[in-house]
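Trainee: Okay, so here is query_23.txt, and as you'll see once you scroll down, it has compact mmCIF, C-alpha atoms.
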```txt
# COMPACT_ATOMS: atom_id res chain seq x y z
CA MET A 84 15.51 266.12 186.03
CA LYS A 85 15.91 263.21 188.43
CA LYS A 86 13.60 264.99 190.88
CA LYS A 87 10.90 265.39 188.20
CA ARG A 88 11.17 261.72 187.23
CA SER A 89 10.83 260.77 190.88
CA ILE A 90 7.66 262.87 191.22
CA VAL A 91 6.15 261.33 188.05
CA LEU A 92 6.97 257.82 189.25
CA SER A 93 5.37 258.53 192.61
CA VAL A 94 2.18 259.79 190.92
CA VAL A 95 2.00 256.67 188.73
CA LEU A 96 2.44 254.38 191.72
CA LEU A 97 -0.25 256.28 193.62
CA LEU A 98 -2.69 255.89 190.72
CA LEU A 99 -1.97 252.18 190.56
CA MET A 100 -2.79 251.91 194.25
CA ILE A 101 -6.07 253.80 193.88
CA LEU A 102 -7.40 252.30 190.65
CA PRO A 103 -8.56 248.67 190.46
CA ALA A 104 -5.63 246.43 189.54
CA TRP A 105 -7.32 244.75 186.57
CA ALA A 106 -5.63 241.90 184.80
CA ALA A 107 -5.27 242.53 181.07
CA GLY A 108 -8.33 241.81 178.93
CA GLY A 109 -11.66 240.25 179.89
CA GLN A 110 -12.94 236.72 180.35
CA GLU A 111 -14.14 236.40 176.77
CA ASP A 112 -10.67 235.16 175.81
CA GLY A 113 -11.51 231.89 177.58
CA ASN A 114 -8.52 231.95 179.92
CA THR A 115 -10.58 232.50 183.09
CA PRO A 116 -13.58 230.21 183.70
CA TYR A 117 -16.88 231.62 184.91
CA ILE A 118 -17.39 228.88 187.51
CA ASN A 119 -14.58 228.50 190.09
CA ASP A 120 -15.25 225.96 192.85
CA MET A 121 -12.13 226.09 195.04
CA VAL A 122 -13.67 223.84 197.72
CA GLY A 123 -15.31 221.00 195.79
CA ILE A 124 -18.98 221.38 196.70
CA LEU A 125 -19.90 220.67 193.05
CA THR A 126 -19.21 217.60 190.93
CA GLU A 127 -17.25 217.92 187.71
CA THR A 128 -20.44 217.33 185.75
CA GLU A 129 -22.22 220.13 187.63
CA VAL A 130 -19.32 222.54 187.08
CA SER A 131 -19.31 221.73 183.36
CA SER A 132 -23.07 222.26 183.09
CA LEU A 133 -22.94 225.62 184.88
CA GLU A 134 -19.91 226.73 182.85
CA GLN A 135 -21.75 226.04 179.59
CA ARG A 136 -24.71 228.14 180.74
CA ALA A 137 -22.44 231.01 181.80
CA GLU A 138 -20.60 230.86 178.48
CA ALA A 139 -23.91 231.04 176.61
CA ILE A 140 -24.89 234.15 178.60
CA ALA A 141 -21.51 235.77 177.89
CA GLU A 142 -21.80 235.07 174.18
CA GLU A 143 -25.36 236.39 173.94
CA TYR A 144 -25.09 239.48 176.14
CA GLN A 145 -21.32 240.22 176.22
CA PHE A 146 -21.52 240.01 179.98
CA ALA A 147 -19.74 237.77 182.51
CA VAL A 148 -21.74 235.97 185.20
CA ASN A 149 -19.25 234.51 187.70
CA ILE A 150 -19.49 232.06 190.58
CA VAL A 151 -16.58 231.59 193.01
CA VAL A 152 -16.57 229.27 196.02
CA VAL A 153 -13.75 229.60 198.60
CA GLN A 154 -13.15 228.14 202.05
CA ARG A 155 -12.30 231.44 203.78
CA TYR A 156 -12.91 234.88 202.34
CA GLN A 157 -10.28 236.22 204.76
CA ASP A 158 -7.59 234.68 202.55
CA TYR A 159 -8.44 237.34 199.95
CA ASN A 160 -9.47 240.34 202.07
CA SER A 161 -9.84 240.24 205.84
CA ALA A 162 -12.23 243.22 206.01
CA ASN A 163 -15.46 241.39 205.09
CA VAL A 164 -16.89 239.09 202.44
CA TYR A 165 -18.05 242.03 200.27
CA GLU A 166 -14.53 243.49 200.10
CA ALA A 167 -13.14 240.01 199.46
CA ALA A 168 -15.46 239.65 196.47
CA LYS A 169 -14.22 242.99 195.09
CA THR A 170 -10.61 241.90 195.54
CA ILE A 171 -11.21 238.63 193.71
CA TYR A 172 -13.06 240.43 190.92
CA THR A 173 -10.20 242.84 190.27
CA ASP A 174 -7.23 240.57 190.96
CA TRP A 175 -8.60 237.81 188.75
CA GLY A 176 -9.56 240.23 185.99
CA LEU A 177 -13.18 239.13 185.97
CA GLY A 178 -15.77 240.73 183.70
CA TYR A 179 -16.37 240.96 179.98
CA GLY A 180 -14.44 243.26 177.64
CA SER A 181 -12.40 246.33 178.47
CA GLY A 182 -15.17 247.58 180.78
CA HIS A 183 -15.06 244.33 182.79
CA ASP A 184 -18.86 244.17 182.74
CA GLY A 185 -20.08 241.43 185.00
CA ILE A 186 -21.48 240.10 188.23
CA LEU A 187 -19.95 237.78 190.83
CA LEU A 188 -21.51 235.51 193.43
CA LEU A 189 -18.93 234.60 196.08
CA LEU A 190 -19.54 231.88 198.68
CA SER A 191 -17.24 231.52 201.70
CA MET A 192 -17.93 228.14 203.26
CA ASP A 193 -16.26 228.42 206.70
CA GLU A 194 -18.89 230.70 208.19
CA ARG A 195 -21.43 230.52 205.34
CA ASP A 196 -20.94 234.07 204.06
CA TYR A 197 -21.89 235.30 200.61
CA ALA A 198 -21.51 238.43 198.49
CA ASN A 199 -23.27 239.25 195.23
CA ILE A 200 -21.51 242.15 193.47
CA ALA A 201 -21.81 243.83 190.07
CA TYR A 202 -19.48 246.03 188.04
CA GLY A 203 -19.69 248.13 184.87
CA TYR A 204 -22.87 247.38 182.94
CA GLY A 205 -23.82 245.12 185.83
CA ASN A 206 -24.75 248.23 187.81
CA THR A 207 -27.34 249.02 185.14
CA ALA A 208 -28.79 245.57 184.60
CA PHE A 209 -28.72 244.57 188.29
CA THR A 210 -30.36 247.25 190.44
CA ASP A 211 -30.33 247.19 194.24
CA TYR A 212 -33.90 245.90 194.31
CA GLY A 213 -33.08 243.43 191.55
CA LYS A 214 -30.20 241.94 193.53
CA GLU A 215 -32.40 241.78 196.63
CA LYS A 216 -35.00 239.70 194.80
CA MET A 217 -32.26 237.72 193.08
CA ASP A 218 -30.71 236.73 196.43
CA GLU A 219 -34.03 235.28 197.53
CA GLN A 220 -33.99 232.93 194.56
CA PHE A 221 -30.76 231.14 195.50
CA LEU A 222 -30.51 231.56 199.28
CA ASP A 223 -33.34 229.13 199.97
CA ASP A 224 -31.40 226.45 198.06
CA PHE A 225 -28.10 227.22 199.80
CA ARG A 226 -29.70 226.97 203.24
CA ASP A 227 -30.52 223.36 202.32
CA ASP A 228 -26.98 222.82 200.94
CA ASP A 229 -28.48 222.48 197.46
CA TRP A 230 -25.60 224.16 195.67
CA PHE A 231 -26.26 223.18 192.07
CA ASP A 232 -29.91 224.30 192.09
CA GLY A 233 -28.92 227.55 193.80
CA PHE A 234 -26.29 228.35 191.19
CA THR A 235 -28.70 227.35 188.43
CA ASP A 236 -31.23 229.85 189.80
CA TYR A 237 -28.48 232.49 189.91
CA LEU A 238 -27.67 232.01 186.24
CA ARG A 239 -31.35 231.88 185.26
CA VAL A 240 -32.21 235.14 187.02
CA SER A 241 -29.07 236.78 185.60
CA ARG A 242 -30.18 235.92 182.07
CA ASN A 243 -33.67 237.26 182.75
CA TYR A 244 -32.32 240.56 184.13
CA LEU A 245 -29.92 240.98 181.21
CA ASP A 246 -32.74 240.34 178.75
CA MET A 247 -34.92 242.98 180.42
CA ALA A 248 -32.04 245.48 180.46
CA ALA A 249 -31.29 244.80 176.79
CA LYS A 250 -34.90 245.70 176.01
CA GLY A 251 -34.53 249.01 177.85
CA THR A 252 -36.20 248.22 181.18
CA PRO A 253 -33.93 246.78 183.90
CA PHE A 254 -35.70 244.85 186.64
CA ASP A 255 -36.56 247.29 189.44
CA THR A 256 -39.38 248.34 191.75
CA ASN A 257 -41.27 249.97 188.89
CA THR A 258 -41.15 246.94 186.59
CA GLU A 259 -43.16 244.56 188.76
CA PRO A 260 -46.94 244.44 188.19
CA SER A 261 -48.86 247.23 189.93
CA MET A 262 -51.82 246.50 192.18
CA GLY A 263 -54.23 247.64 189.47
CA ARG A 264 -52.79 245.31 186.87
CA THR A 265 -52.66 242.48 189.41
CA LEU A 266 -56.35 242.89 190.21
CA ALA A 267 -57.22 243.04 186.51
CA ARG A 268 -55.38 239.77 185.89
CA LEU A 269 -57.07 238.25 188.92
CA ALA A 270 -60.47 239.22 187.50
CA ILE A 271 -59.70 237.62 184.17
CA ARG A 272 -58.24 234.42 185.59
CA VAL A 273 -60.61 233.86 188.51
CA LEU A 274 -63.78 235.93 188.35
CA VAL A 275 -64.69 235.21 184.73
CA PRO A 276 -64.54 231.39 185.14
CA LEU A 277 -66.41 231.77 188.44
CA LEU A 278 -69.17 233.76 186.72
CA ILE A 279 -69.52 231.09 184.06
CA ALA A 280 -69.79 228.43 186.76
CA VAL A 281 -72.48 230.40 188.62
CA VAL A 282 -74.55 230.82 185.44
CA TYR A 283 -74.29 227.09 184.75
CA VAL A 284 -75.36 226.17 188.30
CA LEU A 285 -78.37 228.52 188.09
CA TRP A 286 -79.36 226.91 184.80
CA LEU A 287 -79.21 223.44 186.37
CA LYS A 288 -81.27 224.64 189.31
CA ALA A 289 -83.93 225.97 186.96
CA GLN A 290 -84.18 222.52 185.37
CA MET A 291 -84.82 220.89 188.76
CA GLU A 292 -87.53 223.11 190.24
CA SER A 293 -89.78 220.10 190.92
CA VAL A 294 -87.15 218.33 193.00
CA SER A 295 -87.03 219.00 196.75
CA GLU A 296 -84.40 218.07 199.29
CA ALA A 297 -85.21 215.26 201.73
CA ARG A 298 -84.64 215.89 205.45
CA ASP A 299 -83.67 212.32 206.44
CA ALA A 300 -81.34 209.82 204.81
CA GLU A 301 -84.01 207.09 204.82
CA GLU A 302 -86.13 209.05 202.36
CA TYR A 303 -83.54 208.36 199.67
CA ILE A 304 -83.96 204.57 200.00
CA ASP A 305 -86.53 202.65 197.96
CA GLU A 306 -88.97 201.17 200.50
CA ASN A 307 -89.27 197.97 198.45
CA SER A 308 -85.51 197.36 198.20
CA ALA A 309 -84.28 197.61 201.78
CA HIS A 310 -85.54 197.51 205.37
CA LEU A 311 -83.61 199.30 208.12
CA ARG A 312 -84.02 197.96 211.67
CA VAL A 313 -81.98 200.80 213.22
CA LYS A 314 -82.15 204.36 211.85
CA THR A 315 -79.74 207.00 213.12
CA ASP A 316 -78.10 210.10 211.63
CA VAL A 317 -74.44 210.47 212.70
CA PHE A 318 -72.27 213.56 212.06
CA THR A 319 -68.90 212.38 210.76
CA HIS A 320 -66.66 215.30 209.77
CA THR A 321 -66.26 218.81 208.44
CA THR A 322 -63.98 219.74 205.52
CA ARG A 323 -62.10 223.03 205.90
CA THR A 324 -59.79 224.73 203.42
CA GLU A 325 -57.30 227.51 204.24
CA ARG A 326 -55.57 230.05 202.00
CA LYS A 327 -52.56 232.13 203.03
CA ILE A 328 -52.94 235.85 202.29
CA GLU A 329 -49.70 237.29 200.97
CA ARG A 330 -48.82 240.86 201.96
CA ASP A 331 -46.35 243.06 200.11
CA ASN A 332 -43.60 244.68 202.15
CA ASP A 333 -42.74 248.31 201.77
CA ARG A 334 -40.13 248.83 199.07
CA GLY A 335 -37.29 251.28 198.94
CA GLY A 336 -36.35 253.51 196.05
CA GLY A 337 -35.16 252.18 192.71
CA GLY A 338 -31.81 252.40 190.98
CA THR A 339 -28.36 251.21 191.99
CA SER A 340 -26.02 252.40 194.75
CA VAL A 341 -22.44 252.27 193.46
CA ASP A 342 -19.45 252.58 195.80
CA SER A 343 -16.24 254.52 195.17
CA GLY A 344 -14.64 251.50 193.51
CA GLY A 345 -17.42 251.21 190.94
CA PHE A 346 -19.09 248.19 192.55
CA SER A 347 -22.62 247.59 193.80
CA GLY A 348 -23.90 244.59 195.66
CA SER A 349 -25.24 242.78 198.67
CA SER A 350 -23.84 240.35 201.23
CA GLY A 351 -24.93 238.24 204.18
CA LYS A 352 -25.24 234.70 205.47
CA PHE A 353 -26.70 231.60 203.83
```
Starting from the file, give its structure as structure tokens.

Mentor:
Amino acid sequence: MKKKRSIVLSVVLLLLMILPAWAAGGQEDGNTPYINDMVGILTETEVSSLEQRAEAIAEEYQFAVNIVVVQRYQDYNSANVYEAAKTIYTDWGLGYGSGHDGILLLLSMDERDYANIAYGYGNTAFTDYGKEKMDEQFLDDFRDDDWFDGFTDYLRVSRNYLDMAAKGTPFDTNTEPSMGRTLARLAIRVLVPLLIAVVYVLWLKAQMESVSEARDAEEYIDENSAHLRVKTDVFTHTTRTERKIERDNDRGGGGTSVDSGGFSGSSGKF
């Protein structure tokens, strides 16, 4: 009997080592804040503002959007910043409800590392392509040390993605406007007004058929009102306008790549 109990205990301990060590319950109980600045890069007012926005998202979508700032990710998991984010997510019991649905943005300030990971329903609402585009929204702010605006963008994009997912279409490669629709919108917004302008110019020209263009500037001066002693034509300047042509990069496949621990995400430098 003692041998059987020993085997059962060993199996239980093994399962506890394999499965994520979640803290009891989710963040909806209010015991764990959504914004955790362990370094002090935000003011108290900024933390309060961001916390209110995260709470509103949690209440509306039953989903936790978390931000954690630490000095060294190695204090939580020495492997890399992505694994450190997973450790924090599980050890702190982050996420909403029994499924711990949520997303976490971790900043490690020492070497400017970041990880953006999702769990549970987060793997549905935040696709690989979605997180890629999401990262672009806040990384430009972080590179300028504009922390509050970067976190604000993170919360804003999270709400947008959750809203799209709630309506049945998570943000992914197939949800952005196709080239055909883009050209159609371009025609409506640009070509139609341009056509109206061309018609108007042609109408004005028809009203001025008897008027001809003078070759010299002096022909525009009334001979009885002014007398020029020196007459020269001088070229002054040319006005040039430039427009950058944007090119789309090749995109990978859609969906979400989930690891063995149930997480998906991205990481890098800021």

Trainee: Which residue is closest to A:Tyr244? Choose from A:Ile186, A:Met121, A:Leu177, A:Met192 and count only C-alpha atoms.

Mentor: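 Among the listed residues, the smallest separation from A:Tyr244 belongs to A:Ile186.
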
Trainee: Write out as a list in words which residues come within 9 Å of A:Lys169 when counting all atoms listed in the file, dropping same-chain ones fewer than 3 positions away.

Mentor: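 In the requested form, the answer reads Asn160, Val164, Tyr165, Glu166, Tyr172, Thr173, Asp174, Leu187, Ile200, Gly344 and Phe346 of chain A.
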
Trainee: Pick out the closest residue to A:Glu134 from this set: A:Asn163, A:Thr235, A:Ser340, A:Asn199. Count all atoms listed in the file.

Mentor: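 Under the stated criterion, the closest residue is A:Thr235.
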
Trainee: Kindly indicate which residue among A:Gln145, A:Thr170, A:Gln154, A:Ser161 lies nearest to A:Glu111, using only C-alpha atoms for the distances.

Mentor: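 That would be A:Gln145, the residue with the smallest distance to A:Glu111.
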
Trainee: From (-30.8, 247.3, 187.0), in the file's coordinates, out to 9 Å: which residues are reached, counting all atoms listed in the file? Answer as a ChimeraX atom specification.

Mentor: /A:204-214,244-245,247-248,252-255,337-339

Trainee: Kindly export the residues of the current selection with C-alpha atoms, as a PDB file, keeping the file's coordinate frame.

Mentor:
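Saved as selection.pdb:
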```pdb
ATOM      1  CA  TYR A 204     -22.870 247.380 182.940  1.00  0.00           C
ATOM      2  CA  GLY A 205     -23.820 245.120 185.830  1.00  0.00           C
ATOM      3  CA  ASN A 206     -24.750 248.230 187.810  1.00  0.00           C
ATOM      4  CA  THR A 207     -27.340 249.020 185.140  1.00  0.00           C
ATOM      5  CA  ALA A 208     -28.790 245.570 184.600  1.00  0.00           C
ATOM      6  CA  PHE A 209     -28.720 244.570 188.290  1.00  0.00           C
ATOM      7  CA  THR A 210     -30.360 247.250 190.440  1.00  0.00           C
ATOM      8  CA  ASP A 211     -30.330 247.190 194.240  1.00  0.00           C
ATOM      9  CA  TYR A 212     -33.900 245.900 194.310  1.00  0.00           C
ATOM     10  CA  GLY A 213     -33.080 243.430 191.550  1.00  0.00           C
ATOM     11  CA  LYS A 214     -30.200 241.940 193.530  1.00  0.00           C
ATOM     12  CA  TYR A 244     -32.320 240.560 184.130  1.00  0.00           C
ATOM     13  CA  LEU A 245     -29.920 240.980 181.210  1.00  0.00           C
ATOM     14  CA  MET A 247     -34.920 242.980 180.420  1.00  0.00           C
ATOM     15  CA  ALA A 248     -32.040 245.480 180.460  1.00  0.00           C
ATOM     16  CA  THR A 252     -36.200 248.220 181.180  1.00  0.00           C
ATOM     17  CA  PRO A 253     -33.930 246.780 183.900  1.00  0.00           C
ATOM     18  CA  PHE A 254     -35.700 244.850 186.640  1.00  0.00           C
ATOM     19  CA  ASP A 255     -36.560 247.290 189.440  1.00  0.00           C
ATOM     20  CA  GLY A 337     -35.160 252.180 192.710  1.00  0.00           C
ATOM     21  CA  GLY A 338     -31.810 252.400 190.980  1.00  0.00           C
ATOM     22  CA  THR A 339     -28.360 251.210 191.990  1.00  0.00           C
TER      23      THR A 339
END
```

Trainee: Which is closer to A:Tyr144 than all the others in A:Gly109, A:Pro116, A:Gly123, A:Gly185, using only C-alpha atoms?

Mentor: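 Residue with the minimum atom-to-atom distance to A:Tyr144: A:Gly185.
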
Trainee: Could you jot down the atom CA of A:Val152 to atom CA of A:Gly176 separation for me, Å, one decimal place?

Mentor: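 Atom-to-atom, atom CA of A:Val152 and atom CA of A:Gly176 are spaced 16.4 Å apart.
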
Trainee: List the neighbours of A:Ala198 out to 9 Å using all atoms listed in the file; skip same-chain residues closer than 5 positions along the sequence, and give me the result as a list of chain:residue names.

Mentor: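 My reading of the contact set: A:Val164, A:Tyr165, A:Glu166, A:Ala167, A:Ala168, A:Leu187, A:Leu188, A:Leu189, A:Leu190, A:Ser191, A:Gly348, A:Ser349, A:Ser350, A:Gly351, A:Lys352.
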
Trainee: Only C-alpha atoms, please: the residues just picked out, written as an mmCIF file, keeping the file's coordinate frame.

Mentor:
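Generated output (part15.cif):
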```cif
data_model
loop_
_atom_site.group_PDB
_atom_site.id
_atom_site.type_symbol
_atom_site.label_atom_id
_atom_site.label_comp_id
_atom_site.auth_asym_id
_atom_site.auth_seq_id
_atom_site.Cartn_x
_atom_site.Cartn_y
_atom_site.Cartn_z
ATOM 1 C CA VAL A 164 -16.890 239.090 202.440
ATOM 2 C CA TYR A 165 -18.050 242.030 200.270
ATOM 3 C CA GLU A 166 -14.530 243.490 200.100
ATOM 4 C CA ALA A 167 -13.140 240.010 199.460
ATOM 5 C CA ALA A 168 -15.460 239.650 196.470
ATOM 6 C CA LEU A 187 -19.950 237.780 190.830
ATOM 7 C CA LEU A 188 -21.510 235.510 193.430
ATOM 8 C CA LEU A 189 -18.930 234.600 196.080
ATOM 9 C CA LEU A 190 -19.540 231.880 198.680
ATOM 10 C CA SER A 191 -17.240 231.520 201.700
ATOM 11 C CA GLY A 348 -23.900 244.590 195.660
ATOM 12 C CA SER A 349 -25.240 242.780 198.670
ATOM 13 C CA SER A 350 -23.840 240.350 201.230
ATOM 14 C CA GLY A 351 -24.930 238.240 204.180
ATOM 15 C CA LYS A 352 -25.240 234.700 205.470
#
```

Trainee: Please determine, counting all atoms listed in the file, which residue among A:Asn243, A:Phe146, A:Tyr117, A:Phe353 has the shortest atom-to-atom distance to A:Asp218.

Mentor: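 Ranked by minimum distance to A:Asp218, first place goes to A:Phe353.
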
Trainee: Could you work out how far atom CA of A:Arg242 lies from atom CA of A:His183, giving the answer in Å with one decimal?

Mentor: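 Interatomic distance, atom CA of A:His183 to atom CA of A:Arg242: 17.3 Å.
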
Trainee: Which value, in Å to one decimal, gives the distance between atom CA of A:Val240 and atom CA of A:Val151?

Mentor: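 According to the coordinates, atom CA of A:Val240 and atom CA of A:Val151 are separated by 17.1 Å.
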
Trainee: Quick one: stretch 196-225 of chain A with N, CA and C atoms, as a PDB file, in the coordinates of the input?

Mentor:
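Writing the result to rebuild11.pdb gives the following:
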```
ATOM      1  N   ASP A 196     -20.763 232.689 204.488  1.00  0.00           N
ATOM      2  CA  ASP A 196     -20.940 234.070 204.060  1.00  0.00           C
ATOM      3  C   ASP A 196     -21.066 234.122 202.542  1.00  0.00           C
ATOM      4  N   TYR A 197     -21.802 235.115 202.057  1.00  0.00           N
ATOM      5  CA  TYR A 197     -21.890 235.300 200.610  1.00  0.00           C
ATOM      6  C   TYR A 197     -21.860 236.788 200.270  1.00  0.00           C
ATOM      7  N   ALA A 198     -21.439 237.076 199.040  1.00  0.00           N
ATOM      8  CA  ALA A 198     -21.510 238.430 198.490  1.00  0.00           C
ATOM      9  C   ALA A 198     -21.932 238.312 197.032  1.00  0.00           C
ATOM     10  N   ASN A 199     -22.770 239.223 196.605  1.00  0.00           N
ATOM     11  CA  ASN A 199     -23.270 239.250 195.230  1.00  0.00           C
ATOM     12  C   ASN A 199     -23.000 240.659 194.696  1.00  0.00           C
ATOM     13  N   ILE A 200     -21.938 240.818 193.893  1.00  0.00           N
ATOM     14  CA  ILE A 200     -21.510 242.150 193.470  1.00  0.00           C
ATOM     15  C   ILE A 200     -21.555 242.295 191.956  1.00  0.00           C
ATOM     16  N   ALA A 201     -21.755 243.526 191.500  1.00  0.00           N
ATOM     17  CA  ALA A 201     -21.810 243.830 190.070  1.00  0.00           C
ATOM     18  C   ALA A 201     -20.839 244.955 189.749  1.00  0.00           C
ATOM     19  N   TYR A 202     -20.410 244.988 188.476  1.00  0.00           N
ATOM     20  CA  TYR A 202     -19.480 246.030 188.040  1.00  0.00           C
ATOM     21  C   TYR A 202     -19.795 246.414 186.601  1.00  0.00           C
ATOM     22  N   GLY A 203     -19.474 247.662 186.248  1.00  0.00           N
ATOM     23  CA  GLY A 203     -19.690 248.130 184.870  1.00  0.00           C
ATOM     24  C   GLY A 203     -21.165 248.103 184.508  1.00  0.00           C
ATOM     25  N   TYR A 204     -21.472 247.466 183.379  1.00  0.00           N
ATOM     26  CA  TYR A 204     -22.870 247.380 182.940  1.00  0.00           C
ATOM     27  C   TYR A 204     -23.726 246.606 183.946  1.00  0.00           C
ATOM     28  N   GLY A 205     -23.074 245.835 184.799  1.00  0.00           N
ATOM     29  CA  GLY A 205     -23.820 245.120 185.830  1.00  0.00           C
ATOM     30  C   GLY A 205     -24.571 246.047 186.763  1.00  0.00           C
ATOM     31  N   ASN A 206     -24.053 247.265 186.962  1.00  0.00           N
ATOM     32  CA  ASN A 206     -24.750 248.230 187.810  1.00  0.00           C
ATOM     33  C   ASN A 206     -26.026 248.744 187.161  1.00  0.00           C
ATOM     34  N   THR A 207     -26.118 248.626 185.843  1.00  0.00           N
ATOM     35  CA  THR A 207     -27.340 249.020 185.140  1.00  0.00           C
ATOM     36  C   THR A 207     -28.348 247.892 185.105  1.00  0.00           C
ATOM     37  N   ALA A 208     -27.888 246.710 184.749  1.00  0.00           N
ATOM     38  CA  ALA A 208     -28.790 245.570 184.600  1.00  0.00           C
ATOM     39  C   ALA A 208     -29.244 244.990 185.934  1.00  0.00           C
ATOM     40  N   PHE A 209     -28.424 245.154 186.979  1.00  0.00           N
ATOM     41  CA  PHE A 209     -28.720 244.570 188.290  1.00  0.00           C
ATOM     42  C   PHE A 209     -28.868 245.687 189.315  1.00  0.00           C
ATOM     43  N   THR A 210     -30.086 246.177 189.485  1.00  0.00           N
ATOM     44  CA  THR A 210     -30.360 247.250 190.440  1.00  0.00           C
ATOM     45  C   THR A 210     -30.300 246.719 191.866  1.00  0.00           C
ATOM     46  N   ASP A 211     -30.344 247.622 192.835  1.00  0.00           N
ATOM     47  CA  ASP A 211     -30.330 247.190 194.240  1.00  0.00           C
ATOM     48  C   ASP A 211     -31.530 246.292 194.534  1.00  0.00           C
ATOM     49  N   TYR A 212     -32.699 246.709 194.082  1.00  0.00           N
ATOM     50  CA  TYR A 212     -33.900 245.900 194.310  1.00  0.00           C
ATOM     51  C   TYR A 212     -33.810 244.586 193.551  1.00  0.00           C
ATOM     52  N   GLY A 213     -33.242 244.638 192.343  1.00  0.00           N
ATOM     53  CA  GLY A 213     -33.080 243.430 191.550  1.00  0.00           C
ATOM     54  C   GLY A 213     -32.200 242.415 192.255  1.00  0.00           C
ATOM     55  N   LYS A 214     -31.088 242.863 192.811  1.00  0.00           N
ATOM     56  CA  LYS A 214     -30.200 241.940 193.530  1.00  0.00           C
ATOM     57  C   LYS A 214     -30.867 241.408 194.789  1.00  0.00           C
ATOM     58  N   GLU A 215     -31.678 242.240 195.433  1.00  0.00           N
ATOM     59  CA  GLU A 215     -32.400 241.780 196.630  1.00  0.00           C
ATOM     60  C   GLU A 215     -33.322 240.610 196.287  1.00  0.00           C
ATOM     61  N   LYS A 216     -34.093 240.762 195.222  1.00  0.00           N
ATOM     62  CA  LYS A 216     -35.000 239.700 194.800  1.00  0.00           C
ATOM     63  C   LYS A 216     -34.231 238.501 194.257  1.00  0.00           C
ATOM     64  N   MET A 217     -33.105 238.785 193.621  1.00  0.00           N
ATOM     65  CA  MET A 217     -32.260 237.720 193.080  1.00  0.00           C
ATOM     66  C   MET A 217     -31.719 236.841 194.207  1.00  0.00           C
ATOM     67  N   ASP A 218     -31.247 237.472 195.293  1.00  0.00           N
ATOM     68  CA  ASP A 218     -30.710 236.730 196.430  1.00  0.00           C
ATOM     69  C   ASP A 218     -31.737 235.737 196.978  1.00  0.00           C
ATOM     70  N   GLU A 219     -32.980 236.149 197.005  1.00  0.00           N
ATOM     71  CA  GLU A 219     -34.030 235.280 197.530  1.00  0.00           C
ATOM     72  C   GLU A 219     -34.156 233.990 196.723  1.00  0.00           C
ATOM     73  N   GLN A 220     -33.839 234.073 195.440  1.00  0.00           N
ATOM     74  CA  GLN A 220     -33.990 232.930 194.560  1.00  0.00           C
ATOM     75  C   GLN A 220     -32.988 231.812 194.865  1.00  0.00           C
ATOM     76  N   PHE A 221     -31.757 232.186 195.257  1.00  0.00           N
ATOM     77  CA  PHE A 221     -30.760 231.140 195.500  1.00  0.00           C
ATOM     78  C   PHE A 221     -30.504 230.854 196.967  1.00  0.00           C
ATOM     79  N   LEU A 222     -30.801 231.780 197.861  1.00  0.00           N
ATOM     80  CA  LEU A 222     -30.510 231.560 199.280  1.00  0.00           C
ATOM     81  C   LEU A 222     -31.306 230.410 199.873  1.00  0.00           C
ATOM     82  N   ASP A 223     -32.550 230.228 199.428  1.00  0.00           N
ATOM     83  CA  ASP A 223     -33.340 229.130 199.970  1.00  0.00           C
ATOM     84  C   ASP A 223     -32.714 227.780 199.622  1.00  0.00           C
ATOM     85  N   ASP A 224     -32.085 227.687 198.440  1.00  0.00           N
ATOM     86  CA  ASP A 224     -31.400 226.450 198.060  1.00  0.00           C
ATOM     87  C   ASP A 224     -30.123 226.257 198.893  1.00  0.00           C
ATOM     88  N   PHE A 225     -29.361 227.327 199.073  1.00  0.00           N
ATOM     89  CA  PHE A 225     -28.100 227.220 199.800  1.00  0.00           C
ATOM     90  C   PHE A 225     -28.328 226.849 201.265  1.00  0.00           C
TER      91      PHE A 225
END
```
